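Here the structure comes first, spelled out in structure tokens, and everything after it is commentary.
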Amino acid sequence: PHRPYRKGAGLAAGKQPADIDRVPACWPDTDVVRRDMLDYATEIEAFDGEVGDLVATLKESGRLDNTLIVVTSDHGMPFPRVKGHTFELAHRVPLVMSWPAGITTPGRRCEKLVSIVDLAPTFLELSGIDQTSSGMAPITGKSLVDILRDKPAHERPFVLVGRERNDIECRPGTVSGLGYPARGIRQGRWLYVHNSAPDRWPCGDPDVALADTDDGPTKQLIEGGGHGDRFWQLCFGKRPADELYDIQADPDCVRNLAGTPDHAADVERLRGTLMAELRRQGDPRVVGDGGIFDRYVSPAKRKPKKS
């Protein structure tokens, strides 16, 4: 869910700051941050309750067994260094699927790498519609039907993540404001991120309120620390062209291993795999005019045509 949240909702619901079992390492572990996380948790619980109401309605109507329910999210929570970024907290989102009559061995927890782009081919296969005759643009995702049916599935060796623009007013410079081009690959224990414009501020220029990060108590606390503060640098500071994180040892992605001699080969290998796949998909940042993303005009800034 997006902000704003009702401040103090977590405390009002009977939660306490000590109920937070872990504060991500990219934020200071303070009462302010914990209360902000409690308010977020209360919003999530409210959403869960609404999903429960929908499930109950389907059950009452007799349609639950034959209904595939998919619950997921388009990004991580709207906190600094999460929403709109390319780190593990941002792109590792919930994916829960329920279908009593169609899922074999329900209750399983699947650790395979999947992506939201896999939903389209999944729905097409279940509907008996051929992708080539569907009228849709070429699909890069892989159907999840074999996973639903607990059959040996084609292993996805990696998933890609990317970013161009979120808030259009946060980086002056073009008619729509500059974006922040970044591409990443998650493979095995590694997350490699390539930032195409490391000279830009990833969360928007500081003189326009770092507008690419949703406002809230956690942002305000970290913003108040100033440029020299470690948490300010993690959340708002400029980033190098290459970033490498060991997700097993560092799930919050605060220790960049790129540039260290021990991991030079890992960076080279992952960069090569990432760029090869981006070329295959025809990503303009790799094969053409990447600047086209910065020249797109926001619908809010387009002048209406005269009739």
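Naming scheme: A, B, ... for chains in displayed order of the structure tokens; residues 1 onward per chain; ligands 1 onward as shown.
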Could you name the residues that touch Pro202 (chain A) at 7 Å or less, counting only C-alpha atoms, but leaving out those on the same chain fewer than 2 positions away, as a PyMOL selection string? chain A and resi 180+200+204+236+238
Mind listing the alpha helix (DSSP H) residues of region 30-254 of chain A, per DSSP on the backbone, as a PyMOL selection string? chain A and resi 31-61+88-91+119-127+145-148+217-223+230-236
Option closest in space to Pro106 (chain A), from A:Lys219, A:Leu148, A:Tyr192, A:Asp74 [counting only C-alpha atoms]: A:Leu148
Write out as a list in words each polymer residue whose atoms come within 12 Å of Asp199 (chain A), counting only C-alpha atoms; drop sequence neighbours fewer than 6 positions from it. Arg171, Leu178, Gly179, Tyr180, Pro181, Asp205, Gly237, Lys238, Arg239, Pro240 and Ala241 of chain A
Can those selected residues be exported to a file as a PDB file, in the first residue's frame so that it contains all heavy atoms?
ATOM      1  N   ARG A 171      13.869  15.180 -10.858  1.00  0.00           N
ATOM      2  CA  ARG A 171      15.181  15.441 -11.450  1.00  0.00           C
ATOM      3  C   ARG A 171      15.014  16.397 -12.626  1.00  0.00           C
ATOM      4  O   ARG A 171      14.773  15.957 -13.745  1.00  0.00           O
ATOM      5  CB  ARG A 171      15.843  14.149 -11.936  1.00  0.00           C
ATOM      6  CG  ARG A 171      16.161  13.172 -10.817  1.00  0.00           C
ATOM      7  CD  ARG A 171      16.775  11.898 -11.370  1.00  0.00           C
ATOM      8  NE  ARG A 171      16.695  10.852 -10.371  1.00  0.00           N
ATOM      9  CZ  ARG A 171      15.654  10.069 -10.207  1.00  0.00           C
ATOM     10  NH1 ARG A 171      14.601  10.192 -10.981  1.00  0.00           N
ATOM     11  NH2 ARG A 171      15.651   9.148  -9.268  1.00  0.00           N
ATOM     12  N   LEU A 178      14.473  13.974 -15.596  1.00  0.00           N
ATOM     13  CA  LEU A 178      15.317  12.812 -15.835  1.00  0.00           C
ATOM     14  C   LEU A 178      14.926  11.641 -14.951  1.00  0.00           C
ATOM     15  O   LEU A 178      14.522  11.827 -13.798  1.00  0.00           O
ATOM     16  CB  LEU A 178      16.777  13.176 -15.581  1.00  0.00           C
ATOM     17  CG  LEU A 178      17.400  14.204 -16.528  1.00  0.00           C
ATOM     18  CD1 LEU A 178      18.769  14.626 -16.018  1.00  0.00           C
ATOM     19  CD2 LEU A 178      17.502  13.639 -17.942  1.00  0.00           C
ATOM     20  N   GLY A 179      15.063  10.449 -15.486  1.00  0.00           N
ATOM     21  CA  GLY A 179      14.839   9.260 -14.689  1.00  0.00           C
ATOM     22  C   GLY A 179      16.127   8.797 -14.040  1.00  0.00           C
ATOM     23  O   GLY A 179      17.130   9.533 -13.996  1.00  0.00           O
ATOM     24  N   TYR A 180      16.111   7.571 -13.526  1.00  0.00           N
ATOM     25  CA  TYR A 180      17.325   6.979 -12.966  1.00  0.00           C
ATOM     26  C   TYR A 180      17.465   5.575 -13.558  1.00  0.00           C
ATOM     27  O   TYR A 180      16.912   4.601 -13.037  1.00  0.00           O
ATOM     28  CB  TYR A 180      17.279   6.906 -11.446  1.00  0.00           C
ATOM     29  CG  TYR A 180      18.621   6.517 -10.853  1.00  0.00           C
ATOM     30  CD1 TYR A 180      19.649   7.458 -10.745  1.00  0.00           C
ATOM     31  CD2 TYR A 180      18.880   5.210 -10.454  1.00  0.00           C
ATOM     32  CE1 TYR A 180      20.888   7.105 -10.245  1.00  0.00           C
ATOM     33  CE2 TYR A 180      20.126   4.853  -9.950  1.00  0.00           C
ATOM     34  CZ  TYR A 180      21.124   5.802  -9.851  1.00  0.00           C
ATOM     35  OH  TYR A 180      22.360   5.459  -9.360  1.00  0.00           O
ATOM     36  N   PRO A 181      18.185   5.453 -14.677  1.00  0.00           N
ATOM     37  CA  PRO A 181      18.273   4.164 -15.363  1.00  0.00           C
ATOM     38  C   PRO A 181      19.147   3.167 -14.617  1.00  0.00           C
ATOM     39  O   PRO A 181      20.317   3.426 -14.346  1.00  0.00           O
ATOM     40  CB  PRO A 181      18.885   4.529 -16.716  1.00  0.00           C
ATOM     41  CG  PRO A 181      19.668   5.791 -16.447  1.00  0.00           C
ATOM     42  CD  PRO A 181      18.907   6.526 -15.385  1.00  0.00           C
ATOM     43  N   ASP A 205      16.794  14.979  -6.949  1.00  0.00           N
ATOM     44  CA  ASP A 205      17.740  15.978  -6.469  1.00  0.00           C
ATOM     45  C   ASP A 205      17.396  16.414  -5.043  1.00  0.00           C
ATOM     46  O   ASP A 205      16.220  16.606  -4.719  1.00  0.00           O
ATOM     47  CB  ASP A 205      17.719  17.193  -7.384  1.00  0.00           C
ATOM     48  CG  ASP A 205      18.295  16.873  -8.769  1.00  0.00           C
ATOM     49  OD1 ASP A 205      18.624  15.694  -9.005  1.00  0.00           O
ATOM     50  OD2 ASP A 205      18.416  17.793  -9.587  1.00  0.00           O
ATOM     51  N   GLY A 237      22.127   8.930  -1.282  1.00  0.00           N
ATOM     52  CA  GLY A 237      23.376   9.322  -1.924  1.00  0.00           C
ATOM     53  C   GLY A 237      23.559   8.721  -3.307  1.00  0.00           C
ATOM     54  O   GLY A 237      22.911   7.737  -3.676  1.00  0.00           O
ATOM     55  N   LYS A 238      24.461   9.329  -4.083  1.00  0.00           N
ATOM     56  CA  LYS A 238      24.759   8.811  -5.417  1.00  0.00           C
ATOM     57  C   LYS A 238      25.422   7.440  -5.312  1.00  0.00           C
ATOM     58  O   LYS A 238      26.091   7.127  -4.322  1.00  0.00           O
ATOM     59  CB  LYS A 238      25.660   9.790  -6.176  1.00  0.00           C
ATOM     60  CG  LYS A 238      24.950  11.088  -6.532  1.00  0.00           C
ATOM     61  CD  LYS A 238      25.848  12.012  -7.343  1.00  0.00           C
ATOM     62  CE  LYS A 238      25.090  13.292  -7.722  1.00  0.00           C
ATOM     63  NZ  LYS A 238      25.926  14.216  -8.532  1.00  0.00           N
ATOM     64  N   ARG A 239      25.223   6.642  -6.360  1.00  0.00           N
ATOM     65  CA  ARG A 239      25.687   5.264  -6.358  1.00  0.00           C
ATOM     66  C   ARG A 239      26.672   5.024  -7.498  1.00  0.00           C
ATOM     67  O   ARG A 239      26.575   5.656  -8.551  1.00  0.00           O
ATOM     68  CB  ARG A 239      24.483   4.317  -6.481  1.00  0.00           C
ATOM     69  CG  ARG A 239      23.537   4.445  -5.289  1.00  0.00           C
ATOM     70  CD  ARG A 239      22.220   3.766  -5.519  1.00  0.00           C
ATOM     71  NE  ARG A 239      21.309   4.039  -4.399  1.00  0.00           N
ATOM     72  CZ  ARG A 239      19.997   3.857  -4.429  1.00  0.00           C
ATOM     73  NH1 ARG A 239      19.428   3.392  -5.532  1.00  0.00           N
ATOM     74  NH2 ARG A 239      19.262   4.135  -3.367  1.00  0.00           N
ATOM     75  N   PRO A 240      27.578   4.077  -7.330  1.00  0.00           N
ATOM     76  CA  PRO A 240      28.542   3.776  -8.401  1.00  0.00           C
ATOM     77  C   PRO A 240      27.861   3.042  -9.551  1.00  0.00           C
ATOM     78  O   PRO A 240      26.722   2.575  -9.422  1.00  0.00           O
ATOM     79  CB  PRO A 240      29.571   2.889  -7.703  1.00  0.00           C
ATOM     80  CG  PRO A 240      28.798   2.238  -6.599  1.00  0.00           C
ATOM     81  CD  PRO A 240      27.811   3.267  -6.121  1.00  0.00           C
ATOM     82  N   ALA A 241      28.573   2.928 -10.661  1.00  0.00           N
ATOM     83  CA  ALA A 241      28.014   2.247 -11.829  1.00  0.00           C
ATOM     84  C   ALA A 241      27.739   0.778 -11.530  1.00  0.00           C
ATOM     85  O   ALA A 241      26.750   0.212 -12.013  1.00  0.00           O
ATOM     86  CB  ALA A 241      28.962   2.379 -13.014  1.00  0.00           C
TER      87      ALA A 241
END
Straight-line distance linking CA of Cys170 (chain A) with CA of Ala211 (chain A), stated in Å to one decimal: 5.2 Å
Polymer residues at most 10 Å from Gly141 (chain A), only C-alpha atoms, same-chain spacing of 6 or more positions, as a PyMOL selection string: chain A and resi 114-122+156+159
Could you save the residues just selected, with N, CA and C atoms, as an mmCIF file, in the first residue's frame?
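Output file again.cif is given in full below:
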data_model
loop_
_atom_site.group_PDB
_atom_site.id
_atom_site.type_symbol
_atom_site.label_atom_id
_atom_site.label_comp_id
_atom_site.auth_asym_id
_atom_site.auth_seq_id
_atom_site.Cartn_x
_atom_site.Cartn_y
_atom_site.Cartn_z
ATOM 1 N N VAL A 114 10.906 -16.625 -9.701
ATOM 2 C CA VAL A 114 9.813 -16.315 -10.615
ATOM 3 C C VAL A 114 9.685 -14.807 -10.699
ATOM 4 N N SER A 115 8.903 -14.355 -11.680
ATOM 5 C CA SER A 115 8.733 -12.922 -11.882
ATOM 6 C C SER A 115 7.269 -12.629 -12.183
ATOM 7 N N ILE A 116 6.863 -11.398 -11.927
ATOM 8 C CA ILE A 116 5.490 -11.005 -12.237
ATOM 9 C C ILE A 116 5.201 -11.161 -13.728
ATOM 10 N N VAL A 117 6.236 -11.060 -14.579
ATOM 11 C CA VAL A 117 6.011 -11.232 -16.017
ATOM 12 C C VAL A 117 5.602 -12.666 -16.344
ATOM 13 N N ASP A 118 5.711 -13.579 -15.382
ATOM 14 C CA ASP A 118 5.301 -14.960 -15.605
ATOM 15 C C ASP A 118 3.788 -15.152 -15.507
ATOM 16 N N LEU A 119 3.068 -14.163 -14.975
ATOM 17 C CA LEU A 119 1.630 -14.334 -14.793
ATOM 18 C C LEU A 119 0.893 -14.381 -16.123
ATOM 19 N N ALA A 120 1.280 -13.532 -17.083
ATOM 20 C CA ALA A 120 0.577 -13.506 -18.373
ATOM 21 C C ALA A 120 0.624 -14.871 -19.069
ATOM 22 N N PRO A 121 1.813 -15.481 -19.267
ATOM 23 C CA PRO A 121 1.822 -16.801 -19.914
ATOM 24 C C PRO A 121 1.124 -17.874 -19.092
ATOM 25 N N THR A 122 1.105 -17.723 -17.771
ATOM 26 C CA THR A 122 0.382 -18.669 -16.921
ATOM 27 C C THR A 122 -1.110 -18.612 -17.199
ATOM 28 N N ARG A 156 14.369 -21.355 -13.899
ATOM 29 C CA ARG A 156 14.783 -20.027 -14.345
ATOM 30 C C ARG A 156 16.127 -19.726 -13.679
ATOM 31 N N VAL A 159 16.562 -13.796 -12.596
ATOM 32 C CA VAL A 159 15.511 -12.832 -12.920
ATOM 33 C C VAL A 159 16.172 -11.465 -13.080
#
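Our summary of the geometry notes that CA of Lys83 (chain A) is positioned 20.0 Å from CA of Trp190 (chain A).
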What's the 9 Å shell around region 266-283 of chain A, counting only C-alpha atoms, without same-chain residues fewer than 6 positions away, as a PyMOL selection string? chain A and resi 140+160+183-187+190-194+242-244+257-259+290
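The interatomic distance for the pair CA of His154 (chain A) and CA of Gly84 (chain A) works out to 29.2 Å.
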